[in-house]
Amino acid sequence: MDVKLAIAQSLSGATGLPAEELAGYIETPPDPSMGDYAFPCFRLAKALKKAPPAIAAELAGRLALPPGIERAEAAGGYLNFFADKADLAGKIISRALAEGDAYGGADIGRGGNVCIDFSSINIAKPFSIAHLPTTAIGHALSRIYRALGYRVIGINHLGDWGTQFGKMIVAYKLWGENKPVEESTVRELVRLYVRFHEEAEKDGSLNDEARKWFRKIEQGDPEAIGLWQRFKDLTLKEVGEVYKLLGITFESYAGESFYEDKMQAVIDELDDKGLLVVDNGAKIVDLSEWNMPPFLIVKTDGATLYATRDLAAACYRKKTYDFVKSLYVVAYQQNLHFRQLFKVLELMGRDWAKDCEHVNFGMVSMEEGTLSTRHGNVVYLEDVLNASIEKTLEIIKEKSPDLENREEAARAVGVGAIVWGVLYNGRIKDTSFSWAKVLNFDGETGPYAQYTHARCCSVLRKAGAYDKEGVDYSLIREESAAALVRAVAQLPDAVKSAAEKNEPYLVARCVIDICSAFNKFYYECRILEDDPKLRAARLVLTDAARQSIKNGLYLLGLEAPERM
Ligand code: ARG
């Protein structure tokens, strides 16, 4: 049984409070000399009407210790529990190995649906590193929620609607030199689009022309719709390659255009509920009472907006998926938009507005000179990934000249380095890339974690077959071995906290802790000992470390090659 739950049951016996609740309060002490588990007694202060230190002292004296716990000591307002080391090692290692690829997960989601709107690229626009955080964070959260038993609906809310597509058509017709869309690249389309803006400054009629074409798209004119669809197909084909490199798939590509016929119902509902105000010919929802500017629903010329489509999308998602949570992984530049959106949903009486969350993040930049600006000031994600794969291949050729399948390893590590770069810090921090930082095999990086995993695999390969049954866990007694057990034990909690806070970095930190603990253990304890009992004990621990690192990397969207 789960040690925490066992402790909680003893506490429940002593206090009469429900064990489930108490289990949720149990923490891991910051320093192992303070024990393996800590119960903060201030949680009981109200119910027991006593000061926390008095509660701790009293409980330490009379608590019936559960099996696996050697002693309990009061320390200030905390009651610290010291586990029997062999018992703890046995429990953690056998759990990690029995659960295998599922270790770290749980069933708290119980099949509840979670919508995750992420990556959400724009058609005929660059898939640039600005979209890397939403892509990496959203992908990691998808895997984390799935591991916790939720059903995840990953949604790529495509930016595929708006007057820019009218501009795109005009530019393509004027300067596209009759080159079929299928034979163009997104970069070429982007160049045409940039040219449109330059020329439109000199010749305003181009904008009228563009509006005309967008109107045609809205009215379903076959030529206009046909071109729009081809721009879309081309973009999706290109970004598909990037998603493949990253191992990402989506359950839905319903983008802005998908809501074209679903907005009127929402506008009518706003009107019926008396929320719509006409302001200078535009229709808005007044949010001044909440110190926010008005939410613009319909422009003076009758056009709907990004906001209108998001309102329709939120309602559609609730109706279609009946989510328990709906996440929007979008940069903090859109903080206001989402605050407004959720407030309007609330005013419409949608009580599920509280289940919607804007998972925001900071900006990414490239450190000067690390990638050429040959494409203007836009840095394409695909270029960054490919450059990283190339650099990794050079490093591998130098460090492991005999490695087979080195292209495969270079891809996994090169891509992993970039993804890890955005996941290792809290979301809201702005990040900057430097190759030296990202590709460091020793720092707290993706390659370091992948390398440590490969090291575990290599030890296990060298060991060959050994007796995994009847392992004597009391042989795991060195401090570095015990520390590794504790690090491995943290993974399930890290995964849960990562979902609670929508912060994948909590998993990344846990992976690094396991890696550092393993490397310390590796240098301090000879794993391939002659004594078969000691060897077996160290090997199962190595195997549990391997499994946890692999699972943690997977949850972050990284591969774990066995050799590198
Ligand atoms: N396409 C938008 C952008 O690139 C992000 C869309 C985010 N999702 C949403 N439902 N608004 O900025």
# chains A, B, ... in the order shown; residues from 1 in each chain; ligands from 1
>>> select_by_dssp(residues="region 104-257 of chain A", states="alpha helix (DSSP H)", output="ChimeraX atom specification")
/A:132-147,164-175,186-202,205-218,222-246
>>> residues_near_ligand(ligand="ligand 1", cutoff="6 Å", atoms="only C-alpha atoms and all ligand atoms", output="PDB file with all heavy atoms, in the first residue's frame")
ATOM      1  N   ASP A 117      -6.012  23.593 -26.118  1.00  0.00           N
ATOM      2  CA  ASP A 117      -5.834  24.386 -27.339  1.00  0.00           C
ATOM      3  C   ASP A 117      -4.368  24.782 -27.351  1.00  0.00           C
ATOM      4  O   ASP A 117      -3.905  25.523 -26.491  1.00  0.00           O
ATOM      5  CB  ASP A 117      -6.771  25.606 -27.217  1.00  0.00           C
ATOM      6  CG  ASP A 117      -6.693  26.609 -28.363  1.00  0.00           C
ATOM      7  OD1 ASP A 117      -5.600  26.835 -28.902  1.00  0.00           O
ATOM      8  OD2 ASP A 117      -7.749  27.195 -28.669  1.00  0.00           O
ATOM      9  N   SER A 120      -1.773  26.035 -32.299  1.00  0.00           N
ATOM     10  CA  SER A 120      -2.694  26.963 -32.970  1.00  0.00           C
ATOM     11  C   SER A 120      -2.011  27.955 -33.914  1.00  0.00           C
ATOM     12  O   SER A 120      -2.031  29.166 -33.698  1.00  0.00           O
ATOM     13  CB  SER A 120      -3.536  27.697 -31.918  1.00  0.00           C
ATOM     14  OG  SER A 120      -4.284  26.742 -31.193  1.00  0.00           O
ATOM     15  N   ILE A 121      -1.443  27.385 -34.951  1.00  0.00           N
ATOM     16  CA  ILE A 121      -0.675  28.182 -35.915  1.00  0.00           C
ATOM     17  C   ILE A 121      -1.599  28.948 -36.865  1.00  0.00           C
ATOM     18  O   ILE A 121      -2.800  28.702 -36.894  1.00  0.00           O
ATOM     19  CB  ILE A 121       0.256  27.280 -36.748  1.00  0.00           C
ATOM     20  CG1 ILE A 121      -0.567  26.123 -37.341  1.00  0.00           C
ATOM     21  CG2 ILE A 121       1.383  26.744 -35.911  1.00  0.00           C
ATOM     22  CD1 ILE A 121      -0.361  25.950 -38.787  1.00  0.00           C
ATOM     23  N   ASN A 122      -0.993  29.839 -37.618  1.00  0.00           N
ATOM     24  CA  ASN A 122      -1.750  30.637 -38.570  1.00  0.00           C
ATOM     25  C   ASN A 122      -1.428  30.205 -39.993  1.00  0.00           C
ATOM     26  O   ASN A 122      -0.270  29.949 -40.319  1.00  0.00           O
ATOM     27  CB  ASN A 122      -1.423  32.109 -38.368  1.00  0.00           C
ATOM     28  CG  ASN A 122      -1.751  32.537 -36.949  1.00  0.00           C
ATOM     29  OD1 ASN A 122      -2.809  32.198 -36.418  1.00  0.00           O
ATOM     30  ND2 ASN A 122      -0.825  33.237 -36.305  1.00  0.00           N
ATOM     31  N   HIS A 157      -6.204  25.254 -32.983  1.00  0.00           N
ATOM     32  CA  HIS A 157      -7.207  26.272 -33.344  1.00  0.00           C
ATOM     33  C   HIS A 157      -6.582  27.157 -34.437  1.00  0.00           C
ATOM     34  O   HIS A 157      -6.038  28.229 -34.155  1.00  0.00           O
ATOM     35  CB  HIS A 157      -7.529  27.086 -32.092  1.00  0.00           C
ATOM     36  CG  HIS A 157      -8.622  28.106 -32.245  1.00  0.00           C
ATOM     37  ND1 HIS A 157      -9.946  27.786 -32.264  1.00  0.00           N
ATOM     38  CD2 HIS A 157      -8.565  29.463 -32.368  1.00  0.00           C
ATOM     39  CE1 HIS A 157     -10.679  28.899 -32.373  1.00  0.00           C
ATOM     40  NE2 HIS A 157      -9.859  29.929 -32.449  1.00  0.00           N
ATOM     41  N   LEU A 158      -6.649  26.657 -35.663  1.00  0.00           N
ATOM     42  CA  LEU A 158      -5.948  27.314 -36.776  1.00  0.00           C
ATOM     43  C   LEU A 158      -6.411  28.744 -37.003  1.00  0.00           C
ATOM     44  O   LEU A 158      -7.612  29.024 -36.983  1.00  0.00           O
ATOM     45  CB  LEU A 158      -6.185  26.531 -38.067  1.00  0.00           C
ATOM     46  CG  LEU A 158      -5.709  25.087 -38.116  1.00  0.00           C
ATOM     47  CD1 LEU A 158      -6.145  24.451 -39.440  1.00  0.00           C
ATOM     48  CD2 LEU A 158      -4.202  25.003 -37.946  1.00  0.00           C
ATOM     49  N   GLY A 159      -5.453  29.628 -37.241  1.00  0.00           N
ATOM     50  CA  GLY A 159      -5.782  30.993 -37.661  1.00  0.00           C
ATOM     51  C   GLY A 159      -6.000  30.944 -39.162  1.00  0.00           C
ATOM     52  O   GLY A 159      -5.068  31.138 -39.936  1.00  0.00           O
ATOM     53  N   ASP A 310     -13.693  32.917 -30.766  1.00  0.00           N
ATOM     54  CA  ASP A 310     -13.298  32.237 -29.531  1.00  0.00           C
ATOM     55  C   ASP A 310     -14.504  31.984 -28.621  1.00  0.00           C
ATOM     56  O   ASP A 310     -14.567  30.979 -27.914  1.00  0.00           O
ATOM     57  CB  ASP A 310     -12.227  33.036 -28.776  1.00  0.00           C
ATOM     58  CG  ASP A 310     -10.860  32.380 -28.908  1.00  0.00           C
ATOM     59  OD1 ASP A 310     -10.821  31.154 -29.139  1.00  0.00           O
ATOM     60  OD2 ASP A 310      -9.841  33.086 -28.785  1.00  0.00           O
ATOM     61  N   VAL A 330      -1.475  29.853 -24.656  1.00  0.00           N
ATOM     62  CA  VAL A 330      -1.277  31.025 -25.531  1.00  0.00           C
ATOM     63  C   VAL A 330      -0.407  32.060 -24.792  1.00  0.00           C
ATOM     64  O   VAL A 330      -0.511  32.208 -23.569  1.00  0.00           O
ATOM     65  CB  VAL A 330      -2.643  31.663 -25.907  1.00  0.00           C
ATOM     66  CG1 VAL A 330      -2.453  32.800 -26.909  1.00  0.00           C
ATOM     67  CG2 VAL A 330      -3.623  30.635 -26.468  1.00  0.00           C
TER      68      VAL A 330
END
>>> closest_residue(among="A:Asp160, A:Asp2, A:Glu404, A:Glu20", to="Leu88 (chain A)", atoms="only C-alpha atoms")
A:Asp2
>>> residues_around(residues="region 185-194 of chain A", least_positions_apart="4", cutoff="7 Å", atoms="only C-alpha atoms", output="PyMOL selection string")
chain A and resi 124-125+168+171-172+198+235
>>> write_last_selection(atoms="N, CA and C atoms", output="short mmCIF file (atom, residue, chain, number, x, y, z; two decimals), in the first residue's frame")
data_model
loop_
_atom_site.label_atom_id
_atom_site.label_comp_id
_atom_site.auth_asym_id
_atom_site.auth_seq_id
_atom_site.Cartn_x
_atom_site.Cartn_y
_atom_site.Cartn_z
N ALA A 124 -0.67 30.27 -43.86
CA ALA A 124 0.13 31.14 -44.73
C ALA A 124 0.98 32.14 -43.94
N LYS A 125 1.31 31.76 -42.72
CA LYS A 125 2.21 32.57 -41.88
C LYS A 125 3.34 31.64 -41.43
N MET A 168 -3.96 37.82 -49.28
CA MET A 168 -3.15 36.71 -49.79
C MET A 168 -3.55 36.38 -51.23
N ALA A 171 -2.40 39.19 -53.61
CA ALA A 171 -0.94 39.12 -53.80
C ALA A 171 -0.58 37.95 -54.71
N TYR A 172 -1.21 36.82 -54.46
CA TYR A 172 -0.89 35.62 -55.24
C TYR A 172 -1.26 35.82 -56.71
N GLU A 198 3.64 46.25 -48.55
CA GLU A 198 4.48 47.32 -49.08
C GLU A 198 3.75 48.07 -50.19
N THR A 235 0.01 24.88 -46.10
CA THR A 235 0.55 25.17 -44.77
C THR A 235 0.50 23.92 -43.89
#
>>> atom_distance(atom1="CA of Ala56 (chain A)", atom2="CA of Glu500 (chain A)")
28.6 Å
>>> closest_residue(among="A:Leu393, A:Val329, A:Ala545, A:Ile69", to="Ala412 (chain A)", atoms="only C-alpha atoms")
A:Leu393
>>> residues_around(residues="region 467-483 of chain A", least_positions_apart="4", cutoff="7 Å", atoms="only C-alpha atoms", output="PDB file with all heavy atoms, in the first residue's frame")
ATOM      1  N   ALA A  86      15.033  -0.034   3.776  1.00  0.00           N
ATOM      2  CA  ALA A  86      14.931  -1.205   2.904  1.00  0.00           C
ATOM      3  C   ALA A  86      13.489  -1.361   2.431  1.00  0.00           C
ATOM      4  O   ALA A  86      13.228  -1.622   1.258  1.00  0.00           O
ATOM      5  CB  ALA A  86      15.381  -2.456   3.647  1.00  0.00           C
ATOM      6  N   ALA A  89      12.776   1.363  -0.167  1.00  0.00           N
ATOM      7  CA  ALA A  89      13.431   1.064  -1.447  1.00  0.00           C
ATOM      8  C   ALA A  89      12.670  -0.044  -2.171  1.00  0.00           C
ATOM      9  O   ALA A  89      12.404   0.048  -3.369  1.00  0.00           O
ATOM     10  CB  ALA A  89      14.882   0.648  -1.205  1.00  0.00           C
ATOM     11  N   GLY A  90      12.287  -1.061  -1.413  1.00  0.00           N
ATOM     12  CA  GLY A  90      11.561  -2.187  -2.021  1.00  0.00           C
ATOM     13  C   GLY A  90      10.259  -1.725  -2.641  1.00  0.00           C
ATOM     14  O   GLY A  90       9.925  -2.095  -3.768  1.00  0.00           O
ATOM     15  N   ALA A 487      14.561  10.160  -5.101  1.00  0.00           N
ATOM     16  CA  ALA A 487      14.314  10.945  -6.321  1.00  0.00           C
ATOM     17  C   ALA A 487      13.302  10.212  -7.223  1.00  0.00           C
ATOM     18  O   ALA A 487      12.381  10.821  -7.764  1.00  0.00           O
ATOM     19  CB  ALA A 487      15.623  11.194  -7.063  1.00  0.00           C
ATOM     20  N   ALA A 517      20.956  12.294  -9.206  1.00  0.00           N
ATOM     21  CA  ALA A 517      21.080  11.265  -8.165  1.00  0.00           C
ATOM     22  C   ALA A 517      21.669   9.993  -8.763  1.00  0.00           C
ATOM     23  O   ALA A 517      22.525   9.355  -8.158  1.00  0.00           O
ATOM     24  CB  ALA A 517      19.719  10.988  -7.531  1.00  0.00           C
ATOM     25  N   LYS A 520      25.444  10.407  -9.378  1.00  0.00           N
ATOM     26  CA  LYS A 520      26.198  10.366  -8.122  1.00  0.00           C
ATOM     27  C   LYS A 520      26.336   8.912  -7.663  1.00  0.00           C
ATOM     28  O   LYS A 520      27.418   8.455  -7.315  1.00  0.00           O
ATOM     29  CB  LYS A 520      25.448  11.199  -7.071  1.00  0.00           C
ATOM     30  CG  LYS A 520      26.228  11.502  -5.842  1.00  0.00           C
ATOM     31  CD  LYS A 520      25.782  12.838  -5.230  1.00  0.00           C
ATOM     32  CE  LYS A 520      26.741  13.289  -4.151  1.00  0.00           C
ATOM     33  NZ  LYS A 520      26.513  12.639  -2.863  1.00  0.00           N
ATOM     34  N   PHE A 521      25.228   8.208  -7.700  1.00  0.00           N
ATOM     35  CA  PHE A 521      25.210   6.788  -7.328  1.00  0.00           C
ATOM     36  C   PHE A 521      26.191   6.003  -8.208  1.00  0.00           C
ATOM     37  O   PHE A 521      26.975   5.184  -7.730  1.00  0.00           O
ATOM     38  CB  PHE A 521      23.764   6.282  -7.498  1.00  0.00           C
ATOM     39  CG  PHE A 521      23.585   4.792  -7.496  1.00  0.00           C
ATOM     40  CD1 PHE A 521      23.805   4.041  -6.349  1.00  0.00           C
ATOM     41  CD2 PHE A 521      23.162   4.140  -8.652  1.00  0.00           C
ATOM     42  CE1 PHE A 521      23.618   2.651  -6.353  1.00  0.00           C
ATOM     43  CE2 PHE A 521      22.973   2.765  -8.657  1.00  0.00           C
ATOM     44  CZ  PHE A 521      23.210   2.021  -7.519  1.00  0.00           C
ATOM     45  N   LYS A 533      24.183 -10.691  -4.971  1.00  0.00           N
ATOM     46  CA  LYS A 533      23.074 -10.069  -4.245  1.00  0.00           C
ATOM     47  C   LYS A 533      23.167  -8.545  -4.295  1.00  0.00           C
ATOM     48  O   LYS A 533      22.183  -7.855  -4.570  1.00  0.00           O
ATOM     49  CB  LYS A 533      23.058 -10.544  -2.782  1.00  0.00           C
ATOM     50  CG  LYS A 533      22.555 -11.949  -2.618  1.00  0.00           C
ATOM     51  CD  LYS A 533      21.662 -12.020  -1.402  1.00  0.00           C
ATOM     52  CE  LYS A 533      20.818 -13.253  -1.263  1.00  0.00           C
ATOM     53  NZ  LYS A 533      19.838 -13.536  -2.240  1.00  0.00           N
ATOM     54  N   LEU A 534      24.375  -8.048  -4.064  1.00  0.00           N
ATOM     55  CA  LEU A 534      24.587  -6.610  -4.098  1.00  0.00           C
ATOM     56  C   LEU A 534      24.376  -6.083  -5.516  1.00  0.00           C
ATOM     57  O   LEU A 534      23.751  -5.043  -5.755  1.00  0.00           O
ATOM     58  CB  LEU A 534      26.006  -6.295  -3.613  1.00  0.00           C
ATOM     59  CG  LEU A 534      26.338  -4.811  -3.430  1.00  0.00           C
ATOM     60  CD1 LEU A 534      25.324  -4.127  -2.528  1.00  0.00           C
ATOM     61  CD2 LEU A 534      27.755  -4.647  -2.850  1.00  0.00           C
ATOM     62  N   ALA A 536      22.490  -7.377  -7.828  1.00  0.00           N
ATOM     63  CA  ALA A 536      21.061  -7.396  -8.181  1.00  0.00           C
ATOM     64  C   ALA A 536      20.349  -6.192  -7.571  1.00  0.00           C
ATOM     65  O   ALA A 536      19.527  -5.539  -8.224  1.00  0.00           O
ATOM     66  CB  ALA A 536      20.415  -8.695  -7.712  1.00  0.00           C
ATOM     67  N   ALA A 537      20.687  -5.872  -6.325  1.00  0.00           N
ATOM     68  CA  ALA A 537      20.029  -4.744  -5.659  1.00  0.00           C
ATOM     69  C   ALA A 537      20.345  -3.448  -6.404  1.00  0.00           C
ATOM     70  O   ALA A 537      19.473  -2.614  -6.640  1.00  0.00           O
ATOM     71  CB  ALA A 537      20.481  -4.656  -4.205  1.00  0.00           C
ATOM     72  N   VAL A 540      18.461  -3.406  -9.934  1.00  0.00           N
ATOM     73  CA  VAL A 540      17.028  -3.045  -9.954  1.00  0.00           C
ATOM     74  C   VAL A 540      16.859  -1.545  -9.716  1.00  0.00           C
ATOM     75  O   VAL A 540      15.983  -0.914 -10.304  1.00  0.00           O
ATOM     76  CB  VAL A 540      16.145  -3.829  -8.933  1.00  0.00           C
ATOM     77  CG1 VAL A 540      15.842  -5.224  -9.433  1.00  0.00           C
ATOM     78  CG2 VAL A 540      16.723  -3.827  -7.547  1.00  0.00           C
TER      79      VAL A 540
END
>>> residues_around(residues="Phe165 (chain A)", least_positions_apart="6", cutoff="8 Å", atoms="only C-alpha atoms", output="JSON, numbers by chain")
{"A": [210, 213, 214, 228]}
>>> closest_residue(among="A:Val152, A:Val170, A:Ala130, A:Leu44", to="Ser326 (chain A)", atoms="only C-alpha atoms")
A:Val152
>>> residues_around(residues="Lys283 (chain A)", least_positions_apart="6", cutoff="7 Å", atoms="only C-alpha atoms", output="PyMOL selection string")
chain A and resi 276-277+296-299
>>> write_last_selection(atoms="all heavy atoms", output="mmCIF file, in the first residue's frame")
data_model
loop_
_atom_site.group_PDB
_atom_site.id
_atom_site.type_symbol
_atom_site.label_atom_id
_atom_site.label_comp_id
_atom_site.auth_asym_id
_atom_site.auth_seq_id
_atom_site.Cartn_x
_atom_site.Cartn_y
_atom_site.Cartn_z
ATOM 1 N N LEU A 276 -25.430 42.654 -25.119
ATOM 2 C CA LEU A 276 -24.873 43.317 -26.287
ATOM 3 C C LEU A 276 -25.235 44.803 -26.304
ATOM 4 O O LEU A 276 -26.393 45.167 -26.163
ATOM 5 C CB LEU A 276 -25.431 42.632 -27.546
ATOM 6 C CG LEU A 276 -24.485 42.417 -28.717
ATOM 7 C CD1 LEU A 276 -23.185 41.779 -28.290
ATOM 8 C CD2 LEU A 276 -25.179 41.554 -29.769
ATOM 9 N N VAL A 277 -24.235 45.639 -26.457
ATOM 10 C CA VAL A 277 -24.463 47.078 -26.486
ATOM 11 C C VAL A 277 -23.996 47.595 -27.844
ATOM 12 O O VAL A 277 -22.938 47.168 -28.331
ATOM 13 C CB VAL A 277 -23.618 47.779 -25.385
ATOM 14 C CG1 VAL A 277 -23.878 49.276 -25.388
ATOM 15 C CG2 VAL A 277 -23.916 47.178 -24.026
ATOM 16 N N LEU A 296 -15.144 43.337 -28.080
ATOM 17 C CA LEU A 296 -15.721 43.682 -29.381
ATOM 18 C C LEU A 296 -16.235 42.412 -30.067
ATOM 19 O O LEU A 296 -15.471 41.473 -30.291
ATOM 20 C CB LEU A 296 -14.636 44.371 -30.214
ATOM 21 C CG LEU A 296 -15.020 45.023 -31.528
ATOM 22 C CD1 LEU A 296 -16.212 45.956 -31.363
ATOM 23 C CD2 LEU A 296 -13.827 45.790 -32.096
ATOM 24 N N ILE A 297 -17.546 42.392 -30.377
ATOM 25 C CA ILE A 297 -18.154 41.189 -30.942
ATOM 26 C C ILE A 297 -18.382 41.322 -32.449
ATOM 27 O O ILE A 297 -18.089 40.409 -33.212
ATOM 28 C CB ILE A 297 -19.512 40.881 -30.249
ATOM 29 C CG1 ILE A 297 -19.330 40.788 -28.721
ATOM 30 C CG2 ILE A 297 -20.152 39.624 -30.803
ATOM 31 C CD1 ILE A 297 -18.616 39.547 -28.235
ATOM 32 N N VAL A 298 -18.941 42.463 -32.873
ATOM 33 C CA VAL A 298 -19.159 42.699 -34.305
ATOM 34 C C VAL A 298 -18.684 44.119 -34.627
ATOM 35 O O VAL A 298 -19.052 45.071 -33.949
ATOM 36 C CB VAL A 298 -20.656 42.568 -34.688
ATOM 37 C CG1 VAL A 298 -20.821 42.711 -36.206
ATOM 38 C CG2 VAL A 298 -21.237 41.241 -34.218
ATOM 39 N N LYS A 299 -17.846 44.234 -35.653
ATOM 40 C CA LYS A 299 -17.319 45.549 -36.031
ATOM 41 C C LYS A 299 -18.387 46.377 -36.747
ATOM 42 O O LYS A 299 -19.419 45.873 -37.161
ATOM 43 C CB LYS A 299 -16.108 45.378 -36.958
ATOM 44 C CG LYS A 299 -14.864 44.910 -36.243
ATOM 45 C CD LYS A 299 -13.604 45.243 -37.034
ATOM 46 C CE LYS A 299 -13.343 44.193 -38.104
ATOM 47 N NZ LYS A 299 -11.992 44.260 -38.669
#
